[in-house]
Amino acid sequence: MIVALLNQKGGVGKTTLALHLAGQWAQSGRRVMLIDADPQGSALDWAEQRAAEGLPRQFSVIGLARDTLHQEAPALARDVDHVIIDGPPRVAGLLRSALLAADLILIPVQPSPLDGWASAEMLALLDQARIFKPAITARFLLNRYPARTIIARATAESLEAHDPPLLPEHVGQRVIFAEAMRTGRLASELDEDGIAAREVAALADAIERLAP
Ligand SMILES: Nc1ncnc2c1ncn2[C@@H]1O[C@H](COP(=O)(O)OP(=O)(O)OP(=O)(O)O)[C@@H](O)[C@H]1O
Ligand SMILES: [Mg+2]
């Protein structure tokens, strides 16, 4: 399966979630490749940091921030169980290519009272991609979900009747994710049985069940 985390909105958790899904699947024995399609290379930075600390490599991370991604991805996917694409912010050509490369699109969104949860441009690009590839499966994925707040509930409600649908599994607002990003680790390596690790595991299972 090729799954892409895409949203033109920056800072919604694309890289954090891509790395954690990759790590979770690798830990359960899948062969995983993460494609960093962001010219900023944050996932590559994480892998470098990890290597510098002498931590074991669980999955490969390659940089492929070019708009031929959809042509190259199938060959890369041949040798692994899952390819995860960490999407670029703002660059429409790259985003279009990532959309066409993937079987499953996850659109991370943060509960937000003001500026909405999705990038309208992102949804327009998804519609365009469906002209060429009608079978694309897509889901919104709530990240940084604060427990029991009105904003979170309102966001979930506003997404309920939406296309693409909202994935029922969400990821909470937890400092451990920021620490993981900073230290080249995964939340499960910092706190094996913590809530963050359990949320990631539940999410990874749910996504595999969606596999087209
Ligand atoms: N669930 C979470 N809880 C707490 N912090 C989070 C969570 N998810 C992401 N963050 C933090 O939010 C920031 C942005 O996350 P991330 O870099 O994954 O987003 P992104 O969508 O990849 O951003 P960009 O568009 O710049 O590539 C990071 O500092 C990250 O540590
Ligand atoms: Mg990123």
# chains A, B, ... in the order shown; residues from 1 in each chain; ligands from 1

$ residues_around --residues "segment 120-126 of chain A" --least-positions-apart "2" --cutoff "12 Å" --atoms "only C-alpha atoms" --output "ChimeraX atom specification"
/A:4-10,87-100,102,104-109,115-118,128-140,162-164

$ residues_around --residues "segment 54-65 of chain A" --least-positions-apart "2" --cutoff "8 Å" --atoms "only C-alpha atoms" --output "PyMOL selection string"
chain A and resi 22-23+26-27+31-39+41+43-44+47+50-52+67+69+88+94

$ closest_residue --among "A:Val3, A:Gly11, A:Leu142, A:Trp46" --to "Leu186 of chain A" --atoms "only C-alpha atoms"
A:Trp46

$ select_by_dssp --residues "chain A" --states "strand (DSSP E)" --output "PyMOL selection string"
chain A and resi 2-5+32-36+60-63+82-86+104-109+137-142

$ write_last_selection --atoms "N, CA and C atoms" --output "PDB file, in the first residue's frame"
ATOM      1  N   ILE A   2       0.471   2.231  -0.778  1.00  0.00           N
ATOM      2  CA  ILE A   2       1.156   3.528  -0.754  1.00  0.00           C
ATOM      3  C   ILE A   2       0.214   4.532  -0.101  1.00  0.00           C
ATOM      4  N   VAL A   3       0.613   5.023   1.058  1.00  0.00           N
ATOM      5  CA  VAL A   3      -0.224   5.980   1.768  1.00  0.00           C
ATOM      6  C   VAL A   3       0.503   7.316   1.862  1.00  0.00           C
ATOM      7  N   ALA A   4      -0.224   8.382   1.563  1.00  0.00           N
ATOM      8  CA  ALA A   4       0.394   9.705   1.582  1.00  0.00           C
ATOM      9  C   ALA A   4      -0.286  10.593   2.618  1.00  0.00           C
ATOM     10  N   LEU A   5       0.537  11.288   3.413  1.00  0.00           N
ATOM     11  CA  LEU A   5       0.008  12.276   4.350  1.00  0.00           C
ATOM     12  C   LEU A   5       0.152  13.643   3.718  1.00  0.00           C
ATOM     13  N   VAL A  32       8.974  -1.314   5.406  1.00  0.00           N
ATOM     14  CA  VAL A  32       8.435   0.034   5.218  1.00  0.00           C
ATOM     15  C   VAL A  32       9.470   0.955   4.588  1.00  0.00           C
ATOM     16  N   MET A  33       9.010   1.783   3.665  1.00  0.00           N
ATOM     17  CA  MET A  33       9.854   2.846   3.142  1.00  0.00           C
ATOM     18  C   MET A  33       9.121   4.172   3.281  1.00  0.00           C
ATOM     19  N   LEU A  34       9.813   5.149   3.821  1.00  0.00           N
ATOM     20  CA  LEU A  34       9.215   6.481   3.916  1.00  0.00           C
ATOM     21  C   LEU A  34       9.832   7.382   2.854  1.00  0.00           C
ATOM     22  N   ILE A  35       8.990   7.981   2.055  1.00  0.00           N
ATOM     23  CA  ILE A  35       9.468   8.940   1.062  1.00  0.00           C
ATOM     24  C   ILE A  35       9.243  10.350   1.588  1.00  0.00           C
ATOM     25  N   ASP A  36      10.327  11.077   1.751  1.00  0.00           N
ATOM     26  CA  ASP A  36      10.237  12.470   2.167  1.00  0.00           C
ATOM     27  C   ASP A  36      10.056  13.311   0.904  1.00  0.00           C
ATOM     28  N   SER A  60      13.548   2.561   5.961  1.00  0.00           N
ATOM     29  CA  SER A  60      14.382   3.478   5.189  1.00  0.00           C
ATOM     30  C   SER A  60      13.634   4.775   4.918  1.00  0.00           C
ATOM     31  N   VAL A  61      14.385   5.837   4.875  1.00  0.00           N
ATOM     32  CA  VAL A  61      13.822   7.150   4.556  1.00  0.00           C
ATOM     33  C   VAL A  61      14.576   7.673   3.338  1.00  0.00           C
ATOM     34  N   ILE A  62      13.865   7.935   2.268  1.00  0.00           N
ATOM     35  CA  ILE A  62      14.538   8.502   1.095  1.00  0.00           C
ATOM     36  C   ILE A  62      13.916   9.850   0.720  1.00  0.00           C
ATOM     37  N   GLY A  63      14.740  10.729   0.239  1.00  0.00           N
ATOM     38  CA  GLY A  63      14.257  12.039  -0.187  1.00  0.00           C
ATOM     39  C   GLY A  63      13.878  11.990  -1.652  1.00  0.00           C
ATOM     40  N   HIS A  82       4.687  -1.430   2.816  1.00  0.00           N
ATOM     41  CA  HIS A  82       4.046  -0.111   2.806  1.00  0.00           C
ATOM     42  C   HIS A  82       5.039   0.988   2.423  1.00  0.00           C
ATOM     43  N   VAL A  83       4.584   1.877   1.554  1.00  0.00           N
ATOM     44  CA  VAL A  83       5.321   3.114   1.293  1.00  0.00           C
ATOM     45  C   VAL A  83       4.520   4.247   1.928  1.00  0.00           C
ATOM     46  N   ILE A  84       5.194   5.100   2.665  1.00  0.00           N
ATOM     47  CA  ILE A  84       4.527   6.245   3.284  1.00  0.00           C
ATOM     48  C   ILE A  84       5.153   7.508   2.720  1.00  0.00           C
ATOM     49  N   ILE A  85       4.310   8.373   2.200  1.00  0.00           N
ATOM     50  CA  ILE A  85       4.812   9.628   1.636  1.00  0.00           C
ATOM     51  C   ILE A  85       4.520  10.768   2.600  1.00  0.00           C
ATOM     52  N   ASP A  86       5.583  11.428   3.031  1.00  0.00           N
ATOM     53  CA  ASP A  86       5.442  12.631   3.853  1.00  0.00           C
ATOM     54  C   ASP A  86       5.368  13.817   2.896  1.00  0.00           C
ATOM     55  N   LEU A 104      -3.919   5.590  -0.837  1.00  0.00           N
ATOM     56  CA  LEU A 104      -4.691   6.113   0.283  1.00  0.00           C
ATOM     57  C   LEU A 104      -4.125   7.474   0.695  1.00  0.00           C
ATOM     58  N   ILE A 105      -4.988   8.463   0.768  1.00  0.00           N
ATOM     59  CA  ILE A 105      -4.577   9.810   1.165  1.00  0.00           C
ATOM     60  C   ILE A 105      -5.106  10.090   2.562  1.00  0.00           C
ATOM     61  N   LEU A 106      -4.202  10.458   3.454  1.00  0.00           N
ATOM     62  CA  LEU A 106      -4.629  10.908   4.784  1.00  0.00           C
ATOM     63  C   LEU A 106      -4.368  12.404   4.865  1.00  0.00           C
ATOM     64  N   ILE A 107      -5.373  13.143   5.275  1.00  0.00           N
ATOM     65  CA  ILE A 107      -5.247  14.600   5.374  1.00  0.00           C
ATOM     66  C   ILE A 107      -5.281  14.990   6.850  1.00  0.00           C
ATOM     67  N   PRO A 108      -4.090  15.169   7.458  1.00  0.00           N
ATOM     68  CA  PRO A 108      -4.092  15.544   8.868  1.00  0.00           C
ATOM     69  C   PRO A 108      -4.683  16.945   9.036  1.00  0.00           C
ATOM     70  N   VAL A 109      -5.509  17.107  10.034  1.00  0.00           N
ATOM     71  CA  VAL A 109      -6.099  18.413  10.342  1.00  0.00           C
ATOM     72  C   VAL A 109      -6.070  18.614  11.847  1.00  0.00           C
ATOM     73  N   THR A 137      -8.705   6.513  -2.223  1.00  0.00           N
ATOM     74  CA  THR A 137      -9.386   6.555  -0.929  1.00  0.00           C
ATOM     75  C   THR A 137      -8.775   7.693  -0.121  1.00  0.00           C
ATOM     76  N   ALA A 138      -9.602   8.481   0.536  1.00  0.00           N
ATOM     77  CA  ALA A 138      -9.075   9.598   1.324  1.00  0.00           C
ATOM     78  C   ALA A 138      -9.830   9.725   2.642  1.00  0.00           C
ATOM     79  N   ARG A 139      -9.112  10.133   3.669  1.00  0.00           N
ATOM     80  CA  ARG A 139      -9.706  10.362   4.986  1.00  0.00           C
ATOM     81  C   ARG A 139      -9.083  11.589   5.631  1.00  0.00           C
ATOM     82  N   PHE A 140      -9.902  12.351   6.346  1.00  0.00           N
ATOM     83  CA  PHE A 140      -9.351  13.337   7.266  1.00  0.00           C
ATOM     84  C   PHE A 140      -8.871  12.606   8.511  1.00  0.00           C
ATOM     85  N   LEU A 141      -7.810  13.146   9.090  1.00  0.00           N
ATOM     86  CA  LEU A 141      -7.256  12.535  10.304  1.00  0.00           C
ATOM     87  C   LEU A 141      -7.015  13.650  11.326  1.00  0.00           C
ATOM     88  N   LEU A 142      -7.754  13.600  12.413  1.00  0.00           N
ATOM     89  CA  LEU A 142      -7.632  14.641  13.438  1.00  0.00           C
ATOM     90  C   LEU A 142      -6.368  14.442  14.258  1.00  0.00           C
TER      91      LEU A 142
END

$ residues_around --residues "Val175 of chain A" --least-positions-apart "3" --cutoff "10 Å" --atoms "only C-alpha atoms" --output "list in words"
Arg144, Gly172, Ala178, Glu179, Ala180, Ala187 and Ala196 of chain A

$ closest_residue --among "A:Thr16, A:Gln24, A:Gln110, A:Arg153" --to "Glu189 of chain A" --atoms "only C-alpha atoms"
A:Gln24

$ closest_residue --among "A:Gln40, A:Ser28, A:Thr183, A:Ser188" --to "ligand 2" --atoms "only C-alpha atoms and all ligand atoms"
A:Gln40

$ residues_near_ligand --ligand "ligand 2" --cutoff "6 Å" --atoms "only C-alpha atoms and all ligand atoms" --output "MDAnalysis selection string"
chainID A and resid 14:15 42

$ write_last_selection --atoms "C-alpha atoms" --output "PDB file, in the first residue's frame"
ATOM      1  CA  LYS A  14       2.266  15.271   8.298  1.00  0.00           C
ATOM      2  CA  THR A  15       5.864  14.443   9.191  1.00  0.00           C
ATOM      3  CA  SER A  42      12.231  17.087   7.978  1.00  0.00           C
TER       4      SER A  42
END

$ closest_residue --among "A:Gln49, A:Thr155, A:Thr68, A:Gln173" --to "ligand 1" --atoms "only C-alpha atoms and all ligand atoms"
A:Gln173

$ closest_residue --among "A:Gln71, A:Arg182, A:Leu167, A:Ala156" --to "ligand 1" --atoms "only C-alpha atoms and all ligand atoms"
A:Arg182

$ select_by_dssp --residues "chain A" --states "helix (DSSP H, G or I)" --output "PyMOL selection string"
chain A and resi 14-27+42-52+69-77+92-101+120-132+150-160+175-183+187-190+195-210

$ closest_residue --among "A:Gly184, A:Gly194, A:Gly29, A:Gly13" --to "His170 of chain A" --atoms "only C-alpha atoms"
A:Gly13

$ atom_distance --atom1 "atom 10 (N, counted along the ligand's line) of ligand 1" --atom2 "atom CA of Glu53 of chain A"
21.6 Å

$ atom_distance --atom1 "atom 1 (N, counted along the ligand's line) of ligand 1" --atom2 "atom CA of Glu169 of chain A"
12.4 Å
